[in-house]
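Asks: What follows is a structure written as structure tokens; I'll ask about it next.
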Amino acid sequence: MMPVMFVIPTEEFVEQAQVTNWPARLALVGVMFAVIAVVIWGMRRGWVARMRRQEGIPAPDQAPQDPSEDSVPGLYVGTALNGDWLNRVAVHGLGVRSRSQVDWSDSGISIHRQGTTSVWIPAEDVLAVRADRGVAGTVRSKDSVIVITWRLGDSEVDTGFRADDASGHRSVLDGLMVTFPREARA
């Protein structure tokens, strides 16, 4: 059987119209860039205003040493004010999501963040440890974020960490819950 070939007559091809109204096109491109610039400016202004409102929150202590060999790699999700998971803490870099490693001991929890300052949570400031859907405006799947509720100065904050894999998630959650039992803080 012979293949069927379609032949399109050349008269059907029409040359596209040339852009004749360059000023209008350039004006539309300029308007689009202006809209993008206003949106970025508004986002920046909102972030600075949030930092100004939260300037009374003290800086957390630096992690005392480098990550141990037993530290668990993952993602520092962010920190929010306790009870208001959408109210991300912007001051002191606590609102910046970053790759991190977490380790803990009886004296506290170290979150070693890449690209920004690390965080030390003293044991006496830890109020609760739980698994949750998210923190700091970030929503994940059920129980995939480890949330540490702790005292930072006069404020209570929730800090979220998500391990890279399920075994790391389980070991961090179990380790923190055993090391910082709820009854010891009541």
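Ligands are numbered from 1 in the order shown, chains are lettered A, B, ... in the order of the structure tokens, and residues start at 1 in each chain.
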Could you give me, as a VMD selection string, each residue of chain A that DSSP assigns to helix (DSSP H, G or I) when run on this structure's backbone?
Replies: chain A and resid 10 to 12 22 to 53 91 to 93 123 to 125 166 to 179 182 to 185
Asks: Can you tell me, as a list in words, what residues are no more than 7 Å from Val77 (chain A) when counting only C-alpha atoms, ignoring any on the same chain fewer than 5 positions away?
Replies: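 Those residues are Arg97, Gly160, Phe161 and Arg162 of chain A.
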Asks: Convert the current residue selection to file output with N, CA and C atoms, as a PDB file, in the first residue's frame.
Replies:
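Written file, selection-v3.pdb:
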```
ATOM      1  N   ARG A  97      13.953  30.347  54.961  1.00  0.00           N
ATOM      2  CA  ARG A  97      14.013  28.892  54.795  1.00  0.00           C
ATOM      3  C   ARG A  97      15.406  28.515  54.318  1.00  0.00           C
ATOM      4  N   GLY A 160       9.995  25.106  62.671  1.00  0.00           N
ATOM      5  CA  GLY A 160       9.745  23.889  61.910  1.00  0.00           C
ATOM      6  C   GLY A 160      10.993  23.338  61.259  1.00  0.00           C
ATOM      7  N   PHE A 161      11.104  22.023  61.267  1.00  0.00           N
ATOM      8  CA  PHE A 161      12.205  21.316  60.618  1.00  0.00           C
ATOM      9  C   PHE A 161      11.619  20.122  59.894  1.00  0.00           C
ATOM     10  N   ARG A 162      12.112  19.868  58.707  1.00  0.00           N
ATOM     11  CA  ARG A 162      11.670  18.711  57.936  1.00  0.00           C
ATOM     12  C   ARG A 162      12.899  17.926  57.491  1.00  0.00           C
TER      13      ARG A 162
END
```
Asks: Name all residues at most 10 Å from region 61-63 of chain A (count only C-alpha atoms; drop same-chain ones fewer than 3 positions away) and give them as a PyMOL selection string.
Replies: chain A and resi 58+66-67+108-113+117-122+152
Asks: When you draw a straight line from CA of Glu55 (chain A) to CA of Ala90 (chain A), how long is it in Å?
Replies: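 Going from CA of Glu55 (chain A) over to CA of Ala90 (chain A), I get 9.1 Å.
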Asks: Do a neighbour search on Ala131 (chain A) at 8 Å with only C-alpha atoms, toss out local chain neighbours closer than 3 positions, and write the hits as JSON, numbers by chain.
Replies: {"A": [143, 144, 145, 146, 147, 173]}
Asks: The selected residues should be written to file as a PDB file, in the first residue's frame (atoms: N, CA and C atoms).
Replies:
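The file below, part_14.pdb, is the result:
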```
ATOM      1  N   ASP A 143       1.737  15.507  59.284  1.00  0.00           N
ATOM      2  CA  ASP A 143       2.815  15.130  60.206  1.00  0.00           C
ATOM      3  C   ASP A 143       4.193  15.092  59.557  1.00  0.00           C
ATOM      4  N   SER A 144       4.428  15.906  58.547  1.00  0.00           N
ATOM      5  CA  SER A 144       5.730  15.869  57.876  1.00  0.00           C
ATOM      6  C   SER A 144       6.693  16.954  58.355  1.00  0.00           C
ATOM      7  N   VAL A 145       6.239  17.842  59.244  1.00  0.00           N
ATOM      8  CA  VAL A 145       7.098  18.886  59.780  1.00  0.00           C
ATOM      9  C   VAL A 145       7.207  18.689  61.291  1.00  0.00           C
ATOM     10  N   ILE A 146       8.429  18.698  61.793  1.00  0.00           N
ATOM     11  CA  ILE A 146       8.656  18.619  63.232  1.00  0.00           C
ATOM     12  C   ILE A 146       8.626  20.044  63.750  1.00  0.00           C
ATOM     13  N   VAL A 147       7.707  20.327  64.662  1.00  0.00           N
ATOM     14  CA  VAL A 147       7.531  21.670  65.190  1.00  0.00           C
ATOM     15  C   VAL A 147       8.006  21.696  66.639  1.00  0.00           C
ATOM     16  N   LEU A 173      12.153  13.162  65.489  1.00  0.00           N
ATOM     17  CA  LEU A 173      10.927  13.295  66.280  1.00  0.00           C
ATOM     18  C   LEU A 173      10.999  12.457  67.554  1.00  0.00           C
TER      19      LEU A 173
END
```
Asks: Counting only C-alpha atoms, what is within 12 Å of Ala123 (chain A), bar same-chain residues fewer than 6 positions away, as a ChimeraX atom specification?
Replies: /A:104-110,129,148-152,176,179-182,184-185
Asks: Compile the contact shell of Ser71 (chain A) as an NGL selection string: residues with an atom at most 8 Å away, counting only C-alpha atoms, same-chain residues fewer than 4 positions apart removed.
Replies: :A and (67 or 101-103)
Asks: State, in Å with one decimal place, the distance from CA of Gly95 (chain A) to CA of Gly175 (chain A).
Replies: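 Computing it gives 24.9 Å between the two atoms.
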Asks: I need the residues in chain A that are strand (DSSP E or B) according to DSSP; give them as a PyMOL selection string.
Replies: chain A and resi 61+72-81+88+98-105+108-113+119-122+126-132+134-135+138-139+145-152+155-163
Asks: Rank A:Asp158, A:Pro64, A:Ala34, A:Gly153 by their smallest atom-to-atom distance to Leu94 (chain A), using only C-alpha atoms, and report the top residue only.
Replies: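 That would be A:Asp158, the residue with the smallest distance to Leu94 (chain A).
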Asks: So the first atom is CA of Ser171 (chain A) and the second is CA of His92 (chain A); what is the distance between them in Å, to one decimal place?
Replies: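 Computed distance, CA of Ser171 (chain A) to CA of His92 (chain A), equals 28.4 Å.
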Asks: Here is a test: counting only C-alpha atoms, which residue of A:Ala163, A:Val39, A:Ala59, A:Met177 is nearest to Arg99 (chain A)?
Replies: A:Ala163
Asks: Just the residues within 12 Å of Gly83 (chain A), please, counting only C-alpha atoms, with nothing from its chain fewer than 3 positions along; format it as a PDB file with C-alpha atoms, in the first residue's frame.
Replies:
```
ATOM      1  CA  THR A  79       9.778  30.174  62.695  1.00  0.00           C
ATOM      2  CA  ALA A  80       6.344  31.629  63.454  1.00  0.00           C
ATOM      3  CA  LEU A  86       0.917  32.319  59.312  1.00  0.00           C
ATOM      4  CA  ASN A  87       2.796  34.974  61.307  1.00  0.00           C
ATOM      5  CA  ARG A  88       6.366  34.224  60.227  1.00  0.00           C
ATOM      6  CA  VAL A 135       4.594  26.212  60.242  1.00  0.00           C
ATOM      7  CA  ALA A 136       5.447  29.749  59.119  1.00  0.00           C
ATOM      8  CA  VAL A 147       7.531  21.670  65.190  1.00  0.00           C
ATOM      9  CA  THR A 149       7.598  25.239  70.478  1.00  0.00           C
ATOM     10  CA  TRP A 150      10.001  27.270  72.576  1.00  0.00           C
ATOM     11  CA  SER A 155       7.676  35.400  73.006  1.00  0.00           C
ATOM     12  CA  GLU A 156       6.680  31.811  72.382  1.00  0.00           C
ATOM     13  CA  VAL A 157       7.593  30.660  68.883  1.00  0.00           C
ATOM     14  CA  ASP A 158       7.199  27.543  66.735  1.00  0.00           C
ATOM     15  CA  THR A 159      10.201  26.436  64.693  1.00  0.00           C
TER      16      THR A 159
END
```
